[in-house]
file structure00.pdb (PDB, C-alpha atoms and all ligand atoms)
ATOM      1  CA  MET A   1    -144.682-105.014 -60.558
ATOM      2  CA  LYS A   2    -145.554-104.339 -64.107
ATOM      3  CA  THR A   3    -145.834-107.709 -65.693
ATOM      4  CA  LYS A   4    -146.860-111.272 -65.118
ATOM      5  CA  LEU A   5    -144.676-113.171 -62.703
ATOM      6  CA  ALA A   6    -143.822-115.781 -65.287
ATOM      7  CA  ALA A   7    -142.664-113.107 -67.685
ATOM      8  CA  VAL A   8    -140.551-111.436 -65.027
ATOM      9  CA  VAL A   9    -139.008-114.693 -63.927
ATOM     10  CA  ALA A  10    -138.252-115.585 -67.531
ATOM     11  CA  ALA A  11    -136.965-112.097 -68.261
ATOM     12  CA  LEU A  12    -134.654-112.010 -65.296
ATOM     13  CA  GLY A  13    -133.653-115.646 -65.585
ATOM     14  CA  VAL A  14    -133.799-116.129 -61.836
ATOM     15  CA  LEU A  15    -136.183-119.068 -61.513
ATOM     16  CA  ALA A  16    -133.689-121.059 -59.493
ATOM     17  CA  ALA A  17    -133.126-118.156 -57.141
ATOM     18  CA  GLY A  18    -136.841-117.659 -56.452
ATOM     19  CA  PRO A  19    -139.315-115.096 -57.694
ATOM     20  CA  ALA A  20    -138.324-111.539 -58.476
ATOM     21  CA  PHE A  21    -140.481-108.509 -57.879
ATOM     22  CA  ALA A  22    -140.515-104.935 -59.150
ATOM     23  CA  TRP A  23    -138.002-102.360 -57.929
ATOM     24  CA  GLY A  24    -137.107-105.872 -56.780
ATOM     25  CA  GLU A  25    -137.646-106.864 -53.207
ATOM     26  CA  VAL A  26    -134.326-105.177 -52.468
ATOM     27  CA  GLY A  27    -135.446-101.806 -53.801
ATOM     28  CA  HIS A  28    -138.780-101.941 -51.963
ATOM     29  CA  LYS A  29    -137.024-102.906 -48.743
ATOM     30  CA  VAL A  30    -134.564-100.038 -49.141
ATOM     31  CA  VAL A  31    -137.441 -97.556 -49.503
ATOM     32  CA  ALA A  32    -139.179 -98.911 -46.385
ATOM     33  CA  LEU A  33    -135.962 -98.993 -44.342
ATOM     34  CA  ILE A  34    -135.156 -95.372 -45.219
ATOM     35  CA  ALA A  35    -138.729 -94.324 -44.409
ATOM     36  CA  TRP A  36    -138.609 -96.112 -41.037
ATOM     37  CA  LYS A  37    -135.724 -93.888 -39.953
ATOM     38  CA  HIS A  38    -137.854 -90.794 -40.596
ATOM     39  CA  LEU A  39    -141.160 -91.811 -38.995
ATOM     40  CA  ASP A  40    -142.338 -89.910 -35.942
ATOM     41  CA  PRO A  41    -142.319 -92.174 -32.836
ATOM     42  CA  ALA A  42    -146.107 -91.991 -32.410
ATOM     43  CA  VAL A  43    -146.608 -92.877 -36.082
ATOM     44  CA  LYS A  44    -144.155 -95.759 -35.784
ATOM     45  CA  ALA A  45    -146.242 -97.145 -32.919
ATOM     46  CA  LYS A  46    -149.420 -96.948 -35.041
ATOM     47  CA  VAL A  47    -147.678 -98.670 -37.961
ATOM     48  CA  GLU A  48    -146.368-101.395 -35.650
ATOM     49  CA  ALA A  49    -149.867-101.960 -34.256
ATOM     50  CA  LEU A  50    -151.258-102.399 -37.780
ATOM     51  CA  LEU A  51    -148.414-104.753 -38.745
ATOM     52  CA  ALA A  52    -149.030-106.806 -35.579
ATOM     53  CA  ALA A  53    -152.732-107.119 -36.438
ATOM     54  CA  ASP A  54    -151.963-108.339 -39.981
ATOM     55  CA  LYS A  55    -152.134-112.155 -40.184
ATOM     56  CA  ASP A  56    -151.373-112.365 -43.920
ATOM     57  CA  ILE A  57    -148.663-114.907 -44.767
ATOM     58  CA  LEU A  58    -147.638-113.745 -48.264
ATOM     59  CA  THR A  59    -144.579-111.994 -46.796
ATOM     60  CA  PRO A  60    -142.888-111.875 -43.391
ATOM     61  CA  PRO A  61    -144.722-109.396 -41.132
ATOM     62  CA  ASP A  62    -142.037-106.709 -40.687
ATOM     63  CA  PHE A  63    -142.406-103.291 -42.338
ATOM     64  CA  ALA A  64    -139.586-103.786 -44.870
ATOM     65  CA  SER A  65    -140.886-107.199 -45.983
ATOM     66  CA  ARG A  66    -144.471-105.928 -46.218
ATOM     67  CA  ALA A  67    -143.180-103.418 -48.795
ATOM     68  CA  SER A  68    -143.276-106.253 -51.364
ATOM     69  CA  TRP A  69    -146.666-107.642 -50.307
ATOM     70  CA  ALA A  70    -148.571-105.943 -53.158
ATOM     71  CA  ASP A  71    -146.402-107.646 -55.802
ATOM     72  CA  ARG A  72    -147.239-111.049 -54.320
ATOM     73  CA  TRP A  73    -150.930-110.242 -53.953
ATOM     74  CA  ASP A  74    -151.280-109.213 -57.588
ATOM     75  CA  GLN A  75    -150.179-112.647 -58.782
ATOM     76  CA  GLU A  76    -153.573-113.991 -57.703
ATOM     77  CA  HIS A  77    -155.437-110.693 -57.977
ATOM     78  CA  LYS A  78    -154.932-109.477 -61.523
ATOM     79  CA  GLU A  79    -157.564-106.791 -60.965
ATOM     80  CA  THR A  80    -154.879-104.944 -58.944
ATOM     81  CA  ALA A  81    -152.053-105.341 -61.481
ATOM     82  CA  LYS A  82    -152.487-101.978 -63.239
ATOM     83  CA  TRP A  83    -152.383-100.060 -59.959
ATOM     84  CA  HIS A  84    -148.587-100.461 -59.787
ATOM     85  CA  PHE A  85    -147.674 -98.161 -62.670
ATOM     86  CA  ALA A  86    -148.856 -95.600 -65.219
ATOM     87  CA  ASP A  87    -148.006 -96.265 -68.863
ATOM     88  CA  VAL A  88    -147.301 -92.640 -69.790
ATOM     89  CA  GLU A  89    -146.347 -92.626 -73.477
ATOM     90  CA  ILE A  90    -142.965 -90.930 -73.797
ATOM     91  CA  THR A  91    -144.000 -89.039 -76.942
ATOM     92  CA  ASP A  92    -147.018 -87.331 -75.344
ATOM     93  CA  GLY A  93    -146.471 -87.314 -71.546
ATOM     94  CA  ASP A  94    -150.222 -87.564 -70.964
ATOM     95  CA  LEU A  95    -150.648 -88.665 -67.329
ATOM     96  CA  ALA A  96    -154.449 -88.574 -67.371
ATOM     97  CA  LYS A  97    -154.639 -90.823 -70.444
ATOM     98  CA  ALA A  98    -152.222 -93.295 -68.830
ATOM     99  CA  CYS A  99    -154.359 -93.242 -65.674
ATOM    100  CA  TYR A 100    -157.731 -93.948 -67.317
ATOM    101  CA  GLY A 101    -158.861 -90.366 -66.633
ATOM    102  CA  PHE A 102    -158.232 -90.735 -62.869
ATOM    103  CA  PRO A 103    -161.412 -92.701 -62.062
ATOM    104  CA  LYS A 104    -163.177 -91.845 -58.818
ATOM    105  CA  LEU A 105    -164.258 -94.438 -56.294
ATOM    106  CA  ALA A 106    -168.009 -94.924 -56.098
ATOM    107  CA  PRO A 107    -169.630 -93.682 -52.872
ATOM    108  CA  GLY A 108    -168.864 -96.215 -50.146
ATOM    109  CA  GLN A 109    -166.394 -98.134 -52.339
ATOM    110  CA  ILE A 110    -163.148 -99.000 -50.571
ATOM    111  CA  ALA A 111    -159.881 -98.316 -52.401
ATOM    112  CA  SER A 112    -158.723-101.960 -52.225
ATOM    113  CA  ALA A 113    -161.837-102.902 -54.232
ATOM    114  CA  GLY A 114    -161.602 -99.985 -56.682
ATOM    115  CA  PRO A 115    -161.734-100.264 -60.486
ATOM    116  CA  ALA A 116    -159.063-102.401 -62.158
ATOM    117  CA  ASP A 117    -158.412 -99.648 -64.714
ATOM    118  CA  ASP A 118    -156.592 -97.256 -62.417
ATOM    119  CA  CYS A 119    -152.955 -96.310 -61.867
ATOM    120  CA  VAL A 120    -150.388 -95.739 -59.164
ATOM    121  CA  ILE A 121    -150.788 -91.935 -59.323
ATOM    122  CA  ASP A 122    -154.433 -92.319 -58.296
ATOM    123  CA  LYS A 123    -154.116 -95.178 -55.807
ATOM    124  CA  ILE A 124    -151.607 -93.406 -53.530
ATOM    125  CA  PRO A 125    -153.969 -90.570 -52.471
ATOM    126  CA  GLU A 126    -156.888 -93.022 -52.235
ATOM    127  CA  PHE A 127    -155.066 -95.246 -49.754
ATOM    128  CA  ALA A 128    -153.584 -92.247 -47.899
ATOM    129  CA  ALA A 129    -157.098 -90.853 -47.388
ATOM    130  CA  GLU A 130    -158.309 -94.198 -46.043
ATOM    131  CA  LEU A 131    -155.405 -94.493 -43.623
ATOM    132  CA  HIS A 132    -156.144 -90.982 -42.377
ATOM    133  CA  ASP A 133    -159.864 -91.588 -41.878
ATOM    134  CA  PRO A 134    -160.663 -93.014 -38.417
ATOM    135  CA  ALA A 135    -163.847 -94.539 -39.846
ATOM    136  CA  THR A 136    -161.837 -96.916 -42.066
ATOM    137  CA  THR A 137    -161.996-100.547 -40.889
ATOM    138  CA  GLU A 138    -158.830-102.108 -39.491
ATOM    139  CA  ALA A 139    -158.721-104.641 -42.352
ATOM    140  CA  GLU A 140    -158.761-101.831 -44.928
ATOM    141  CA  ARG A 141    -156.230 -99.783 -42.938
ATOM    142  CA  ILE A 142    -153.818-102.726 -43.044
ATOM    143  CA  LEU A 143    -154.264-102.982 -46.822
ATOM    144  CA  ALA A 144    -153.921 -99.210 -47.238
ATOM    145  CA  LEU A 145    -150.634 -99.254 -45.313
ATOM    146  CA  LYS A 146    -149.199-102.113 -47.389
ATOM    147  CA  TYR A 147    -150.295-100.579 -50.680
ATOM    148  CA  LEU A 148    -148.860 -97.175 -49.748
ATOM    149  CA  VAL A 149    -145.486 -98.613 -48.740
ATOM    150  CA  HIS A 150    -145.313-100.448 -52.048
ATOM    151  CA  PHE A 151    -146.820 -97.913 -54.440
ATOM    152  CA  ILE A 152    -144.760 -94.937 -53.267
ATOM    153  CA  GLY A 153    -141.767 -97.152 -54.076
ATOM    154  CA  ASP A 154    -143.106 -98.212 -57.484
ATOM    155  CA  MET A 155    -143.881 -94.619 -58.447
ATOM    156  CA  HIS A 156    -140.195 -93.703 -58.097
ATOM    157  CA  GLN A 157    -138.974 -96.396 -60.505
ATOM    158  CA  PRO A 158    -138.833 -94.320 -63.732
ATOM    159  CA  MET A 159    -139.936 -97.211 -65.948
ATOM    160  CA  HIS A 160    -143.172 -97.446 -63.918
ATOM    161  CA  ILE A 161    -144.228 -94.023 -65.201
ATOM    162  CA  ALA A 162    -143.214 -94.354 -68.853
ATOM    163  CA  ASP A 163    -143.995 -96.494 -71.843
ATOM    164  CA  HIS A 164    -143.315 -96.681 -75.564
ATOM    165  CA  GLU A 165    -145.457 -99.651 -76.606
ATOM    166  CA  ASP A 166    -142.824-101.741 -74.869
ATOM    167  CA  ARG A 167    -144.598-102.470 -71.559
ATOM    168  CA  GLY A 168    -142.398 -99.994 -69.728
ATOM    169  CA  GLY A 169    -139.198-101.438 -71.142
ATOM    170  CA  ASN A 170    -140.167-105.095 -70.586
ATOM    171  CA  CYS A 171    -139.995-105.607 -74.373
ATOM    172  CA  ILE A 172    -136.515-104.063 -74.739
ATOM    173  CA  PRO A 173    -134.127-107.027 -74.485
ATOM    174  CA  LEU A 174    -130.699-106.457 -72.994
ATOM    175  CA  ASP A 175    -127.449-108.355 -73.142
ATOM    176  CA  ASP A 176    -125.506-107.901 -69.917
ATOM    177  CA  GLY A 177    -122.938-110.562 -70.765
ATOM    178  CA  SER A 178    -124.384-113.047 -68.260
ATOM    179  CA  GLY A 179    -126.129-115.167 -70.872
ATOM    180  CA  GLN A 180    -129.382-114.599 -68.956
ATOM    181  CA  LYS A 181    -132.451-112.993 -70.491
ATOM    182  CA  ARG A 182    -132.615-109.386 -69.344
ATOM    183  CA  ASN A 183    -134.725-106.390 -70.257
ATOM    184  CA  LEU A 184    -134.704-102.662 -69.644
ATOM    185  CA  HIS A 185    -137.506-102.700 -67.070
ATOM    186  CA  GLY A 186    -135.690-105.392 -65.099
ATOM    187  CA  PHE A 187    -132.449-103.416 -65.220
ATOM    188  CA  TRP A 188    -134.219-100.525 -63.447
ATOM    189  CA  ASP A 189    -136.061-102.830 -61.023
ATOM    190  CA  THR A 190    -133.084-104.829 -59.858
ATOM    191  CA  GLY A 191    -129.929-104.583 -61.986
ATOM    192  CA  VAL A 192    -129.074-101.014 -61.080
ATOM    193  CA  VAL A 193    -130.142-101.465 -57.427
ATOM    194  CA  LYS A 194    -127.928-104.431 -56.649
ATOM    195  CA  ASP A 195    -124.872-102.356 -57.550
ATOM    196  CA  LEU A 196    -125.654 -99.950 -54.701
ATOM    197  CA  GLY A 197    -124.619-102.259 -51.864
ATOM    198  CA  PRO A 198    -124.513-105.841 -50.546
ATOM    199  CA  THR A 199    -127.825-105.902 -48.601
ATOM    200  CA  PRO A 200    -130.998-103.788 -48.372
ATOM    201  CA  GLU A 201    -129.931-102.658 -44.890
ATOM    202  CA  ALA A 202    -126.470-101.582 -46.101
ATOM    203  CA  ILE A 203    -127.955 -99.722 -49.085
ATOM    204  CA  ALA A 204    -130.558 -97.996 -46.911
ATOM    205  CA  ASP A 205    -127.981 -96.930 -44.302
ATOM    206  CA  LYS A 206    -125.651 -95.571 -46.971
ATOM    207  CA  LEU A 207    -128.340 -93.735 -48.936
ATOM    208  CA  ASP A 208    -129.985 -92.354 -45.806
ATOM    209  CA  GLY A 209    -126.635 -91.067 -44.529
ATOM    210  CA  GLU A 210    -126.247 -89.073 -47.739
ATOM    211  CA  ILE A 211    -129.600 -87.269 -47.468
ATOM    212  CA  LYS A 212    -129.180 -83.617 -46.521
ATOM    213  CA  PRO A 213    -131.942 -82.172 -44.303
ATOM    214  CA  GLU A 214    -132.626 -79.448 -46.861
ATOM    215  CA  ASP A 215    -133.038 -82.060 -49.600
ATOM    216  CA  ALA A 216    -135.449 -84.056 -47.455
ATOM    217  CA  GLU A 217    -137.483 -80.931 -46.836
ATOM    218  CA  ALA A 218    -137.593 -80.020 -50.522
ATOM    219  CA  TRP A 219    -138.549 -83.566 -51.561
ATOM    220  CA  THR A 220    -141.622 -83.642 -49.339
ATOM    221  CA  LYS A 221    -143.195 -80.730 -51.227
ATOM    222  CA  GLY A 222    -145.762 -81.640 -53.859
ATOM    223  CA  GLY A 223    -147.643 -84.901 -54.235
ATOM    224  CA  PRO A 224    -148.105 -87.975 -56.418
ATOM    225  CA  VAL A 225    -148.680 -86.027 -59.656
ATOM    226  CA  ASP A 226    -145.419 -84.105 -59.109
ATOM    227  CA  TRP A 227    -143.550 -87.300 -58.188
ATOM    228  CA  ALA A 228    -144.912 -89.034 -61.288
ATOM    229  CA  THR A 229    -143.906 -86.107 -63.479
ATOM    230  CA  GLU A 230    -140.396 -86.280 -62.030
ATOM    231  CA  SER A 231    -140.154 -90.047 -62.680
ATOM    232  CA  PHE A 232    -141.446 -89.534 -66.218
ATOM    233  CA  ARG A 233    -138.788 -86.888 -66.911
ATOM    234  CA  LEU A 234    -136.078 -89.228 -65.628
ATOM    235  CA  ALA A 235    -137.445 -91.963 -67.870
ATOM    236  CA  THR A 236    -137.256 -89.782 -70.961
ATOM    237  CA  SER A 237    -133.957 -88.058 -70.099
ATOM    238  CA  VAL A 238    -132.049 -91.098 -68.767
ATOM    239  CA  ALA A 239    -133.800 -94.475 -68.845
ATOM    240  CA  TYR A 240    -134.979 -94.313 -72.477
ATOM    241  CA  LYS A 241    -131.702 -92.828 -73.770
ATOM    242  CA  LEU A 242    -130.802 -95.846 -75.870
ATOM    243  CA  PRO A 243    -129.516 -96.185 -79.447
ATOM    244  CA  SER A 244    -132.769 -97.903 -80.416
ATOM    245  CA  LEU A 245    -136.196 -98.201 -78.795
ATOM    246  CA  PRO A 246    -137.901-101.385 -79.995
ATOM    247  CA  THR A 247    -141.574-101.944 -79.177
ATOM    248  CA  CYS A 248    -143.223-105.232 -78.199
ATOM    249  CA  LYS A 249    -143.974-105.850 -81.916
ATOM    250  CA  ASP A 250    -140.306-105.764 -82.883
ATOM    251  CA  GLN A 251    -138.094-108.817 -82.792
ATOM    252  CA  VAL A 252    -134.665-107.376 -82.113
ATOM    253  CA  ALA A 253    -131.390-108.669 -80.807
ATOM    254  CA  PRO A 254    -130.614-107.737 -77.207
ATOM    255  CA  GLN A 255    -128.633-104.514 -76.894
ATOM    256  CA  ARG A 256    -125.831-103.915 -74.443
ATOM    257  CA  LEU A 257    -126.053-100.926 -72.104
ATOM    258  CA  SER A 258    -123.067 -98.625 -72.439
ATOM    259  CA  MET A 259    -120.921 -97.820 -69.425
ATOM    260  CA  SER A 260    -121.995 -94.179 -69.688
ATOM    261  CA  TYR A 261    -125.661 -95.264 -69.567
ATOM    262  CA  ILE A 262    -125.056 -97.386 -66.448
ATOM    263  CA  GLN A 263    -123.055 -94.602 -64.817
ATOM    264  CA  ALA A 264    -125.914 -92.163 -65.461
ATOM    265  CA  ALA A 265    -128.532 -94.635 -64.198
ATOM    266  CA  ARG A 266    -126.922 -95.477 -60.863
ATOM    267  CA  PRO A 267    -127.190 -92.046 -59.153
ATOM    268  CA  VAL A 268    -130.699 -91.597 -60.559
ATOM    269  CA  ALA A 269    -131.832 -94.911 -59.041
ATOM    270  CA  ALA A 270    -130.095 -94.087 -55.756
ATOM    271  CA  GLN A 271    -131.779 -90.709 -55.472
ATOM    272  CA  GLN A 272    -135.167 -92.099 -56.454
ATOM    273  CA  LEU A 273    -134.880 -94.633 -53.618
ATOM    274  CA  GLN A 274    -133.940 -91.794 -51.233
ATOM    275  CA  LYS A 275    -136.858 -89.654 -52.390
ATOM    276  CA  ALA A 276    -139.294 -92.563 -52.135
ATOM    277  CA  GLY A 277    -138.179 -93.283 -48.556
ATOM    278  CA  ILE A 278    -138.470 -89.647 -47.473
ATOM    279  CA  ARG A 279    -141.838 -89.189 -49.196
ATOM    280  CA  LEU A 280    -143.215 -92.434 -47.748
ATOM    281  CA  ALA A 281    -142.234 -91.293 -44.249
ATOM    282  CA  ALA A 282    -143.719 -87.830 -44.822
ATOM    283  CA  THR A 283    -146.956 -89.361 -46.129
ATOM    284  CA  LEU A 284    -147.313 -91.704 -43.140
ATOM    285  CA  ASN A 285    -146.370 -88.936 -40.687
ATOM    286  CA  ALA A 286    -149.058 -86.742 -42.247
ATOM    287  CA  VAL A 287    -151.866 -89.295 -42.401
ATOM    288  CA  LEU A 288    -151.190 -91.105 -39.119
ATOM    289  CA  GLY A 289    -149.867 -88.157 -37.094
ATOM    290  CA  SER A 290    -152.102 -86.507 -34.535
TER     291      SER A 290
HETATM  292 ZN    ZN A 301    -145.333-103.176 -57.811
END

call {"tool": "encode", "arguments": {"input": "structure00.pdb", "output": "structure tokens", "more": "lines below"}}
Ligand SMILES: [Zn+2]
result
Amino acid sequence: MKTKLAAVVAALGVLAAGPAFAWGEVGHKVVALIAWKHLDPAVKAKVEALLAADKDILTPPDFASRASWADRWDQEHKETAKWHFADVEITDGDLAKACYGFPKLAPGQIASAGPADDCVIDKIPEFAAELHDPATTEAERILALKYLVHFIGDMHQPMHIADHEDRGGNCIPLDDGSGQKRNLHGFWDTGVVKDLGPTPEAIADKLDGEIKPEDAEAWTKGGPVDWATESFRLATSVAYKLPSLPTCKDQVAPQRLSMSYIQAARPVAAQQLQKAGIRLAATLNAVLGS
């Protein structure tokens, strides 16, 4: 989640339908459901044991619902808000600048209490290392699991790794004909995802069925910096391909996405959800496997 809840709710115009969260709860669930299908049985058992030990009530306790926990937590814990994205300026592509120079944790500092000025590219390896380390407390392992499930999803939403003084597209108003307030970030979080199927389970089953084993193998190569670079390229080559790119300072009329834009966005979003699911499973299999 890249913005304040109130702003998101206002932007998406879904107050009556309940709060909305980045990738949207649907997108995060899809990522978790795909990953679940690719977890090794022994790793699944370890994940289930951690979920069973987690008494937090912000979300239901199942793996797919816990994928949205971090977006709920950051409503009351603003010090974690910047961890969900990296505002990589599209004109310079400077990941390190967008990630505050990749700050290191102080000796003995746990990742869930790390510096507020940090980004998703940095937090993923921090939490993966904690989950791998048998010396990590159970409480921190539970947090590390929930952050990983969420952040590997966030990292694959192209607008979470790109910015043009528009808060990752939150300041680019859209007109989708519904009369509701929409923006470009919200389109990539939820608008494009809901077109992929009727429920998270249906979307996950469909997308997972389309993944070729050789694709899955190729996608697990590399790490968070490579995944971020890929998301950034998709942001510049697809998501930001608009007739005009207003910034937060501009007061502009909402623009309507062209059919060709939407048709280009849909397969990109679908494949990013597939990649996120496969990479989440590979990460958990690596850090929790024996
Ligand atoms: Zn998020």

call {"tool": "residues_around", "arguments": {"input": "structure00.pdb", "residues": "segment 246-248 of chain A", "least_positions_apart": "6", "cutoff": "9 Å", "atoms": "all atoms listed in the file", "output": "ChimeraX atom specification"}}
result
/A:164-167,169-173

call {"tool": "atom_distance", "arguments": {"input": "structure00.pdb", "atom1": "atom CA of Val268 of chain A", "atom2": "atom CA of Glu210 of chain A"}}
result
13.8 Å

call {"tool": "closest_atom_pairs", "arguments": {"input": "structure00.pdb", "of": "segment 72-126 of chain A", "to": "segment 277-289 of chain A", "cutoff": "12 Å", "atoms": "only C-alpha atoms", "output": "CSV"}}
result
residue,atom,partner,partner_atom,distance
A:Ile124,CA,A:Thr283,CA,9.6
A:Pro125,CA,A:Thr283,CA,9.5
A:Glu126,CA,A:Val287,CA,11.7

call {"tool": "residues_around", "arguments": {"input": "structure00.pdb", "residues": "Asp208 of chain A", "least_positions_apart": "6", "cutoff": "10 Å", "atoms": "all atoms listed in the file", "output": "PDB file with C-alpha atoms, in the coordinates of the input"}}
result
ATOM      1  CA  VAL A  30    -134.564-100.038 -49.141  1.00  0.00           C
ATOM      2  CA  VAL A  31    -137.441 -97.556 -49.503  1.00  0.00           C
ATOM      3  CA  LEU A  33    -135.962 -98.993 -44.342  1.00  0.00           C
ATOM      4  CA  ILE A  34    -135.156 -95.372 -45.219  1.00  0.00           C
ATOM      5  CA  ALA A  35    -138.729 -94.324 -44.409  1.00  0.00           C
ATOM      6  CA  LYS A  37    -135.724 -93.888 -39.953  1.00  0.00           C
ATOM      7  CA  HIS A  38    -137.854 -90.794 -40.596  1.00  0.00           C
ATOM      8  CA  ALA A 202    -126.470-101.582 -46.101  1.00  0.00           C
ATOM      9  CA  GLN A 271    -131.779 -90.709 -55.472  1.00  0.00           C
ATOM     10  CA  LEU A 273    -134.880 -94.633 -53.618  1.00  0.00           C
ATOM     11  CA  GLN A 274    -133.940 -91.794 -51.233  1.00  0.00           C
ATOM     12  CA  LYS A 275    -136.858 -89.654 -52.390  1.00  0.00           C
ATOM     13  CA  GLY A 277    -138.179 -93.283 -48.556  1.00  0.00           C
ATOM     14  CA  ILE A 278    -138.470 -89.647 -47.473  1.00  0.00           C
TER      15      ILE A 278
END

call {"tool": "resolve_selection", "arguments": {"input": "structure00.pdb", "expression": "the PyMOL selection byres (((not hetatm)) within 12 of (chain A and resi 301))", "output": "JSON list (two decimals) with C-alpha atoms, in the coordinates of the input"}}
result
[["chain", "number", "residue", "atom", "x", "y", "z"],
["A", 1, "MET", "CA", -144.68, -105.01, -60.56],
["A", 2, "LYS", "CA", -145.55, -104.34, -64.11],
["A", 3, "THR", "CA", -145.83, -107.71, -65.69],
["A", 4, "LYS", "CA", -146.86, -111.27, -65.12],
["A", 5, "LEU", "CA", -144.68, -113.17, -62.70],
["A", 8, "VAL", "CA", -140.55, -111.44, -65.03],
["A", 20, "ALA", "CA", -138.32, -111.54, -58.48],
["A", 21, "PHE", "CA", -140.48, -108.51, -57.88],
["A", 22, "ALA", "CA", -140.51, -104.94, -59.15],
["A", 23, "TRP", "CA", -138.00, -102.36, -57.93],
["A", 24, "GLY", "CA", -137.11, -105.87, -56.78],
["A", 25, "GLU", "CA", -137.65, -106.86, -53.21],
["A", 27, "GLY", "CA", -135.45, -101.81, -53.80],
["A", 28, "HIS", "CA", -138.78, -101.94, -51.96],
["A", 66, "ARG", "CA", -144.47, -105.93, -46.22],
["A", 67, "ALA", "CA", -143.18, -103.42, -48.80],
["A", 68, "SER", "CA", -143.28, -106.25, -51.36],
["A", 69, "TRP", "CA", -146.67, -107.64, -50.31],
["A", 70, "ALA", "CA", -148.57, -105.94, -53.16],
["A", 71, "ASP", "CA", -146.40, -107.65, -55.80],
["A", 72, "ARG", "CA", -147.24, -111.05, -54.32],
["A", 73, "TRP", "CA", -150.93, -110.24, -53.95],
["A", 74, "ASP", "CA", -151.28, -109.21, -57.59],
["A", 75, "GLN", "CA", -150.18, -112.65, -58.78],
["A", 80, "THR", "CA", -154.88, -104.94, -58.94],
["A", 81, "ALA", "CA", -152.05, -105.34, -61.48],
["A", 82, "LYS", "CA", -152.49, -101.98, -63.24],
["A", 83, "TRP", "CA", -152.38, -100.06, -59.96],
["A", 84, "HIS", "CA", -148.59, -100.46, -59.79],
["A", 85, "PHE", "CA", -147.67, -98.16, -62.67],
["A", 86, "ALA", "CA", -148.86, -95.60, -65.22],
["A", 119, "CYS", "CA", -152.96, -96.31, -61.87],
["A", 120, "VAL", "CA", -150.39, -95.74, -59.16],
["A", 146, "LYS", "CA", -149.20, -102.11, -47.39],
["A", 147, "TYR", "CA", -150.29, -100.58, -50.68],
["A", 148, "LEU", "CA", -148.86, -97.18, -49.75],
["A", 149, "VAL", "CA", -145.49, -98.61, -48.74],
["A", 150, "HIS", "CA", -145.31, -100.45, -52.05],
["A", 151, "PHE", "CA", -146.82, -97.91, -54.44],
["A", 152, "ILE", "CA", -144.76, -94.94, -53.27],
["A", 153, "GLY", "CA", -141.77, -97.15, -54.08],
["A", 154, "ASP", "CA", -143.11, -98.21, -57.48],
["A", 155, "MET", "CA", -143.88, -94.62, -58.45],
["A", 156, "HIS", "CA", -140.20, -93.70, -58.10],
["A", 157, "GLN", "CA", -138.97, -96.40, -60.50],
["A", 159, "MET", "CA", -139.94, -97.21, -65.95],
["A", 160, "HIS", "CA", -143.17, -97.45, -63.92],
["A", 161, "ILE", "CA", -144.23, -94.02, -65.20],
["A", 189, "ASP", "CA", -136.06, -102.83, -61.02]]

call {"tool": "atom_distance", "arguments": {"input": "structure00.pdb", "atom1": "atom CA of Ala64 of chain A", "atom2": "atom CA of Ile203 of chain A"}}
result
13.0 Å

call {"tool": "axis_aligned_box", "arguments": {"input": "structure00.pdb", "around": "segment 155-161 of chain A", "padding_each_side": "6 Å", "output": "AutoDock Vina command-line options"}}
result
--center_x -141.5 --center_y -95.6 --center_z -62.0 --size_x 17.4 --size_y 15.7 --size_z 19.9

call {"tool": "residues_near_point", "arguments": {"input": "structure00.pdb", "point": "(-148.5, -94.2, -71.0)", "cutoff": "6 Å", "atoms": "all atoms listed in the file", "output": "ChimeraX atom specification"}}
result
/A:86-89,98,162-163

call {"tool": "atom_distance", "arguments": {"input": "structure00.pdb", "atom1": "atom CA of Phe127 of chain A", "atom2": "atom CA of Ala144 of chain A"}}
result
4.8 Å

call {"tool": "closest_residue", "arguments": {"input": "structure00.pdb", "among": "A:Ala32, A:Ile57, A:Ala235, A:Leu50", "to": "Glu201 of chain A", "atoms": "all atoms listed in the file"}}
result
A:Ala32
